[in-house]
$ cat start.txt   # compact mmCIF, C-alpha atoms
# COMPACT_ATOMS: atom_id res chain seq x y z
CA MET A 1 -13.95 -21.48 -3.93
CA ALA A 2 -14.09 -18.50 -1.62
CA GLY A 3 -11.01 -17.80 0.39
CA SER A 4 -11.40 -16.88 4.04
CA PHE A 5 -9.36 -13.78 3.35
CA GLY A 6 -12.24 -12.46 1.32
CA VAL A 7 -11.52 -13.08 -2.34
CA SER A 8 -13.19 -15.68 -4.50
CA VAL A 9 -10.76 -17.57 -6.68
CA SER A 10 -13.41 -19.11 -8.91
CA GLY A 11 -15.04 -15.72 -9.44
CA MET A 12 -11.87 -13.99 -10.57
CA ALA A 13 -11.42 -12.80 -14.10
CA THR A 14 -8.83 -14.64 -16.14
CA ILE A 15 -5.41 -13.24 -15.37
CA ALA A 16 -2.68 -12.70 -17.92
CA GLY A 17 -0.88 -15.91 -18.68
CA SER A 18 -3.71 -18.10 -17.44
CA PRO A 19 -5.53 -20.62 -19.57
CA PRO A 20 -8.43 -19.89 -21.87
CA ALA A 21 -11.99 -20.19 -20.59
CA VAL A 22 -11.72 -23.97 -20.26
CA ALA A 23 -9.66 -24.63 -17.16
CA THR A 24 -8.32 -27.94 -16.00
CA ASP A 25 -9.36 -29.55 -12.73
CA ARG A 26 -5.83 -30.84 -12.27
CA PRO A 27 -3.45 -28.89 -10.05
CA ILE A 28 -1.17 -28.44 -13.09
CA ASP A 29 -2.22 -27.79 -16.68
CA LEU A 30 -0.16 -30.47 -18.39
CA VAL A 31 -0.87 -29.13 -21.87
CA HIS A 32 0.52 -25.74 -20.85
CA LEU A 33 3.52 -27.38 -19.20
CA SER A 34 4.25 -29.37 -22.34
CA LYS A 35 4.08 -26.22 -24.47
CA TYR A 36 6.28 -24.37 -21.97
CA THR A 37 8.90 -27.13 -22.08
CA LEU A 38 8.45 -27.88 -25.80
CA GLY A 39 7.46 -31.44 -24.87
CA ASP A 40 10.86 -32.18 -23.34
CA LYS A 41 10.10 -34.64 -20.50
CA ASP A 42 13.46 -34.12 -18.81
CA LEU A 43 12.86 -30.38 -18.78
CA GLU A 44 9.36 -30.96 -17.41
CA ARG A 45 10.86 -32.93 -14.52
CA GLN A 46 13.40 -30.18 -13.85
CA VAL A 47 10.83 -27.38 -13.98
CA LEU A 48 8.39 -29.23 -11.73
CA SER A 49 11.12 -30.13 -9.26
CA LEU A 50 12.28 -26.52 -9.18
CA PHE A 51 8.72 -25.31 -8.60
CA ALA A 52 8.21 -27.79 -5.74
CA THR A 53 11.41 -26.63 -4.04
CA GLN A 54 10.98 -22.91 -4.63
CA SER A 55 7.29 -22.78 -3.79
CA THR A 56 7.94 -23.86 -0.21
CA LEU A 57 10.87 -21.46 0.02
CA TYR A 58 8.71 -18.52 -1.06
CA ILE A 59 5.91 -19.47 1.33
CA ASP A 60 8.51 -19.20 4.08
CA ARG A 61 9.59 -15.82 2.69
CA LEU A 62 5.98 -14.64 2.85
CA ARG A 63 5.74 -15.76 6.47
CA ASP A 64 8.97 -13.91 7.26
CA ALA A 65 8.16 -10.75 5.25
CA GLU A 66 8.63 -7.73 7.46
CA ASP A 67 7.44 -5.16 4.94
CA ASP A 68 5.28 -4.79 1.85
CA ARG A 69 8.28 -4.98 -0.49
CA ALA A 70 9.46 -8.38 0.79
CA TRP A 71 5.86 -9.59 0.74
CA LEU A 72 5.34 -8.40 -2.83
CA GLU A 73 8.57 -9.96 -4.09
CA ALA A 74 7.75 -13.37 -2.58
CA ALA A 75 4.14 -13.39 -3.80
CA HIS A 76 5.09 -12.13 -7.25
CA THR A 77 7.76 -14.81 -7.64
CA LEU A 78 5.27 -17.50 -6.61
CA LYS A 79 2.73 -16.17 -9.09
CA GLY A 80 5.22 -16.23 -11.95
CA SER A 81 6.50 -19.69 -11.10
CA ALA A 82 2.97 -21.06 -10.86
CA LYS A 83 2.07 -19.58 -14.24
CA GLY A 84 5.19 -21.13 -15.73
CA VAL A 85 4.16 -24.67 -14.79
CA GLY A 86 0.43 -24.13 -15.33
CA ALA A 87 -0.55 -24.20 -11.65
CA TRP A 88 -3.39 -21.76 -12.28
CA ARG A 89 -5.07 -21.98 -8.87
CA VAL A 90 -1.77 -21.25 -7.13
CA ALA A 91 -1.17 -18.35 -9.52
CA ARG A 92 -4.57 -16.87 -8.68
CA TYR A 93 -4.03 -17.21 -4.94
CA ALA A 94 -0.55 -15.76 -5.25
CA GLU A 95 -1.95 -12.80 -7.17
CA GLN A 96 -4.49 -12.18 -4.43
CA VAL A 97 -1.76 -12.41 -1.81
CA GLU A 98 0.45 -10.10 -3.87
CA ASN A 99 -2.24 -7.42 -3.76
CA LEU A 100 -2.39 -7.32 0.06
CA LYS A 101 -0.57 -4.27 1.38
CA GLY A 102 -0.21 -2.37 4.63
CA ASN A 103 -3.04 -2.91 7.12
CA GLU A 104 -4.77 -5.34 4.81
CA ARG A 105 -1.61 -7.48 4.73
CA ALA A 106 -1.38 -7.27 8.51
CA ASP A 107 -5.01 -8.29 8.95
CA LEU A 108 -5.32 -10.92 6.23
CA GLY A 109 -1.76 -12.04 5.62
CA ASN A 110 -1.66 -15.15 7.79
CA PRO A 111 -4.94 -16.66 6.53
CA ALA A 112 -3.92 -15.78 2.97
CA ILE A 113 -0.57 -17.53 3.39
CA GLU A 114 -2.28 -20.63 4.76
CA GLU A 115 -4.68 -20.82 1.81
CA LEU A 116 -1.84 -20.29 -0.65
CA SER A 117 0.21 -22.90 1.20
CA GLU A 118 -2.62 -25.44 0.95
CA SER A 119 -2.95 -24.90 -2.80
CA ILE A 120 0.83 -25.29 -3.17
CA LYS A 121 0.72 -28.46 -1.09
CA ALA A 122 -1.86 -29.94 -3.50
CA VAL A 123 0.31 -29.02 -6.48
CA ASN A 124 3.44 -30.45 -4.90
CA GLU A 125 1.65 -33.72 -4.09
CA TYR A 126 0.51 -33.85 -7.71
CA ILE A 127 4.09 -33.21 -8.83
CA GLN A 128 5.30 -36.16 -6.75
CA ASP A 129 2.75 -38.39 -8.49
CA LEU A 130 3.71 -37.02 -11.90
CA MET A 131 7.41 -37.67 -11.36
CA VAL A 132 6.65 -41.38 -11.44
CA GLU A 133 4.83 -41.01 -14.76
CA ILE A 134 7.13 -38.58 -16.59

$ encode --input "start.txt" --output "structure tokens"
Amino acid sequence: MAGSFGVSVSGMATIAGSPPAVATDRPIDLVHLSKYTLGDKDLERQVLSLFATQSTLYIDRLRDAEDDRAWLEAAHTLKGSAKGVGAWRVARYAEQVENLKGNERADLGNPAIEELSESIKAVNEYIQDLMVEI
């Protein structure tokens, strides 16, 4: 899927902490999540709930970022959180956003935030569905 801010997510090389060559079509890699939480369903609920809450907070921080440092911190936090729960697409978008600096951030920041926000929205909807099952 090519992002309008010029970077292809599907064409990216595997990033550190991402799954092996076989990726899941689900917004969250449940096998990774289970390994991350040692199969503890209560912990899975807590981690997913925390991700859902913090992901929207950090999207807002990206929108409000007045400099590259604030931008980097918000994007980096999103990337790490997404990797923690196995939200690989969000992690890839967040990494792309994290790499925007200076004029590139000024030119591409808003479309990048919107694409990242849409991928987070899909994950958070998936989390809501999972909460019923877990």

$ closest_residue --input "start.txt" --among "A:Lys121, A:Arg45, A:Arg69, A:Arg63" --to "Ala87 (chain A)" --atoms "all atoms listed in the file"
A:Lys121

$ residues_around --input "start.txt" --residues "Tyr93 (chain A)" --least-positions-apart "2" --cutoff "10 Å" --atoms "all atoms listed in the file" --output "JSON, numbers by chain"
{"A": [3, 7, 8, 9, 75, 78, 79, 82, 88, 89, 90, 91, 95, 96, 97, 98, 112, 113, 115, 116, 117, 119, 120]}

$ atom_distance --input "start.txt" --atom1 "CA of Ser49 (chain A)" --atom2 "CA of Tyr36 (chain A)"
14.8 Å

$ closest_residue --input "start.txt" --among "A:Asp29, A:Ser34, A:Gly80, A:Pro111" --to "Gln54 (chain A)" --atoms "only C-alpha atoms"
A:Gly80

$ atom_distance --input "start.txt" --atom1 "CA of Glu44 (chain A)" --atom2 "CA of Leu30 (chain A)"
9.6 Å

$ build_atoms --input "start.txt" --residues "region 28-62 of chain A" --atoms "N, CA and C atoms" --output "PDB file, in the coordinates of the input"
ATOM      1  N   ILE A  28      -2.077 -28.976 -12.078  1.00  0.00           N
ATOM      2  CA  ILE A  28      -1.170 -28.440 -13.090  1.00  0.00           C
ATOM      3  C   ILE A  28      -1.778 -28.694 -14.464  1.00  0.00           C
ATOM      4  N   ASP A  29      -1.760 -27.681 -15.292  1.00  0.00           N
ATOM      5  CA  ASP A  29      -2.220 -27.790 -16.680  1.00  0.00           C
ATOM      6  C   ASP A  29      -1.100 -28.438 -17.484  1.00  0.00           C
ATOM      7  N   LEU A  30      -1.230 -29.729 -17.729  1.00  0.00           N
ATOM      8  CA  LEU A  30      -0.160 -30.470 -18.390  1.00  0.00           C
ATOM      9  C   LEU A  30       0.044 -30.068 -19.836  1.00  0.00           C
ATOM     10  N   VAL A  31      -1.010 -29.608 -20.491  1.00  0.00           N
ATOM     11  CA  VAL A  31      -0.870 -29.130 -21.870  1.00  0.00           C
ATOM     12  C   VAL A  31      -0.009 -27.873 -21.874  1.00  0.00           C
ATOM     13  N   HIS A  32      -0.293 -26.958 -20.963  1.00  0.00           N
ATOM     14  CA  HIS A  32       0.520 -25.740 -20.850  1.00  0.00           C
ATOM     15  C   HIS A  32       1.971 -26.095 -20.538  1.00  0.00           C
ATOM     16  N   LEU A  33       2.164 -26.982 -19.585  1.00  0.00           N
ATOM     17  CA  LEU A  33       3.520 -27.380 -19.200  1.00  0.00           C
ATOM     18  C   LEU A  33       4.270 -27.956 -20.391  1.00  0.00           C
ATOM     19  N   SER A  34       3.611 -28.779 -21.165  1.00  0.00           N
ATOM     20  CA  SER A  34       4.250 -29.370 -22.340  1.00  0.00           C
ATOM     21  C   SER A  34       4.628 -28.304 -23.365  1.00  0.00           C
ATOM     22  N   LYS A  35       3.762 -27.326 -23.550  1.00  0.00           N
ATOM     23  CA  LYS A  35       4.080 -26.220 -24.470  1.00  0.00           C
ATOM     24  C   LYS A  35       5.256 -25.411 -23.934  1.00  0.00           C
ATOM     25  N   TYR A  36       5.243 -25.163 -22.622  1.00  0.00           N
ATOM     26  CA  TYR A  36       6.280 -24.370 -21.970  1.00  0.00           C
ATOM     27  C   TYR A  36       7.640 -25.042 -22.079  1.00  0.00           C
ATOM     28  N   THR A  37       7.650 -26.370 -22.034  1.00  0.00           N
ATOM     29  CA  THR A  37       8.900 -27.130 -22.080  1.00  0.00           C
ATOM     30  C   THR A  37       9.167 -27.727 -23.453  1.00  0.00           C
ATOM     31  N   LEU A  38       8.342 -27.365 -24.435  1.00  0.00           N
ATOM     32  CA  LEU A  38       8.450 -27.880 -25.800  1.00  0.00           C
ATOM     33  C   LEU A  38       8.404 -29.407 -25.840  1.00  0.00           C
ATOM     34  N   GLY A  39       7.645 -29.990 -24.907  1.00  0.00           N
ATOM     35  CA  GLY A  39       7.460 -31.440 -24.870  1.00  0.00           C
ATOM     36  C   GLY A  39       8.657 -32.210 -24.340  1.00  0.00           C
ATOM     37  N   ASP A  40       9.661 -31.537 -23.859  1.00  0.00           N
ATOM     38  CA  ASP A  40      10.860 -32.180 -23.340  1.00  0.00           C
ATOM     39  C   ASP A  40      10.579 -32.709 -21.930  1.00  0.00           C
ATOM     40  N   LYS A  41      10.464 -34.023 -21.784  1.00  0.00           N
ATOM     41  CA  LYS A  41      10.100 -34.640 -20.500  1.00  0.00           C
ATOM     42  C   LYS A  41      11.148 -34.392 -19.422  1.00  0.00           C
ATOM     43  N   ASP A  42      12.415 -34.417 -19.793  1.00  0.00           N
ATOM     44  CA  ASP A  42      13.460 -34.120 -18.810  1.00  0.00           C
ATOM     45  C   ASP A  42      13.328 -32.687 -18.289  1.00  0.00           C
ATOM     46  N   LEU A  43      13.054 -31.769 -19.188  1.00  0.00           N
ATOM     47  CA  LEU A  43      12.860 -30.380 -18.780  1.00  0.00           C
ATOM     48  C   LEU A  43      11.614 -30.244 -17.914  1.00  0.00           C
ATOM     49  N   GLU A  44      10.557 -30.978 -18.244  1.00  0.00           N
ATOM     50  CA  GLU A  44       9.360 -30.960 -17.410  1.00  0.00           C
ATOM     51  C   GLU A  44       9.693 -31.381 -15.986  1.00  0.00           C
ATOM     52  N   ARG A  45      10.451 -32.456 -15.843  1.00  0.00           N
ATOM     53  CA  ARG A  45      10.860 -32.930 -14.520  1.00  0.00           C
ATOM     54  C   ARG A  45      11.644 -31.850 -13.776  1.00  0.00           C
ATOM     55  N   GLN A  46      12.571 -31.219 -14.472  1.00  0.00           N
ATOM     56  CA  GLN A  46      13.400 -30.180 -13.850  1.00  0.00           C
ATOM     57  C   GLN A  46      12.562 -28.984 -13.403  1.00  0.00           C
ATOM     58  N   VAL A  47      11.659 -28.537 -14.278  1.00  0.00           N
ATOM     59  CA  VAL A  47      10.830 -27.380 -13.980  1.00  0.00           C
ATOM     60  C   VAL A  47       9.892 -27.688 -12.806  1.00  0.00           C
ATOM     61  N   LEU A  48       9.287 -28.861 -12.816  1.00  0.00           N
ATOM     62  CA  LEU A  48       8.390 -29.230 -11.730  1.00  0.00           C
ATOM     63  C   LEU A  48       9.136 -29.383 -10.408  1.00  0.00           C
ATOM     64  N   SER A  49      10.305 -29.978 -10.472  1.00  0.00           N
ATOM     65  CA  SER A  49      11.120 -30.130  -9.260  1.00  0.00           C
ATOM     66  C   SER A  49      11.523 -28.768  -8.707  1.00  0.00           C
ATOM     67  N   LEU A  50      11.906 -27.878  -9.584  1.00  0.00           N
ATOM     68  CA  LEU A  50      12.280 -26.520  -9.180  1.00  0.00           C
ATOM     69  C   LEU A  50      11.084 -25.804  -8.550  1.00  0.00           C
ATOM     70  N   PHE A  51       9.911 -25.943  -9.162  1.00  0.00           N
ATOM     71  CA  PHE A  51       8.720 -25.310  -8.600  1.00  0.00           C
ATOM     72  C   PHE A  51       8.438 -25.860  -7.201  1.00  0.00           C
ATOM     73  N   ALA A  52       8.500 -27.175  -7.040  1.00  0.00           N
ATOM     74  CA  ALA A  52       8.210 -27.790  -5.740  1.00  0.00           C
ATOM     75  C   ALA A  52       9.160 -27.250  -4.668  1.00  0.00           C
ATOM     76  N   THR A  53      10.422 -27.132  -5.002  1.00  0.00           N
ATOM     77  CA  THR A  53      11.410 -26.630  -4.040  1.00  0.00           C
ATOM     78  C   THR A  53      11.201 -25.145  -3.762  1.00  0.00           C
ATOM     79  N   GLN A  54      11.083 -24.359  -4.812  1.00  0.00           N
ATOM     80  CA  GLN A  54      10.980 -22.910  -4.630  1.00  0.00           C
ATOM     81  C   GLN A  54       9.656 -22.467  -4.030  1.00  0.00           C
ATOM     82  N   SER A  55       8.589 -23.188  -4.317  1.00  0.00           N
ATOM     83  CA  SER A  55       7.290 -22.780  -3.790  1.00  0.00           C
ATOM     84  C   SER A  55       7.285 -22.806  -2.259  1.00  0.00           C
ATOM     85  N   THR A  56       7.897 -23.820  -1.668  1.00  0.00           N
ATOM     86  CA  THR A  56       7.940 -23.860  -0.210  1.00  0.00           C
ATOM     87  C   THR A  56       8.885 -22.786   0.343  1.00  0.00           C
ATOM     88  N   LEU A  57       9.952 -22.517  -0.372  1.00  0.00           N
ATOM     89  CA  LEU A  57      10.870 -21.460   0.020  1.00  0.00           C
ATOM     90  C   LEU A  57      10.164 -20.103   0.051  1.00  0.00           C
ATOM     91  N   TYR A  58       9.370 -19.817  -0.985  1.00  0.00           N
ATOM     92  CA  TYR A  58       8.710 -18.520  -1.060  1.00  0.00           C
ATOM     93  C   TYR A  58       7.524 -18.404  -0.115  1.00  0.00           C
ATOM     94  N   ILE A  59       6.911 -19.515   0.259  1.00  0.00           N
ATOM     95  CA  ILE A  59       5.910 -19.470   1.330  1.00  0.00           C
ATOM     96  C   ILE A  59       6.587 -19.040   2.625  1.00  0.00           C
ATOM     97  N   ASP A  60       7.756 -19.601   2.893  1.00  0.00           N
ATOM     98  CA  ASP A  60       8.510 -19.200   4.080  1.00  0.00           C
ATOM     99  C   ASP A  60       8.891 -17.720   4.018  1.00  0.00           C
ATOM    100  N   ARG A  61       9.250 -17.244   2.839  1.00  0.00           N
ATOM    101  CA  ARG A  61       9.590 -15.820   2.690  1.00  0.00           C
ATOM    102  C   ARG A  61       8.376 -14.931   2.957  1.00  0.00           C
ATOM    103  N   LEU A  62       7.194 -15.389   2.535  1.00  0.00           N
ATOM    104  CA  LEU A  62       5.980 -14.640   2.850  1.00  0.00           C
ATOM    105  C   LEU A  62       5.760 -14.585   4.356  1.00  0.00           C
TER     106      LEU A  62
END
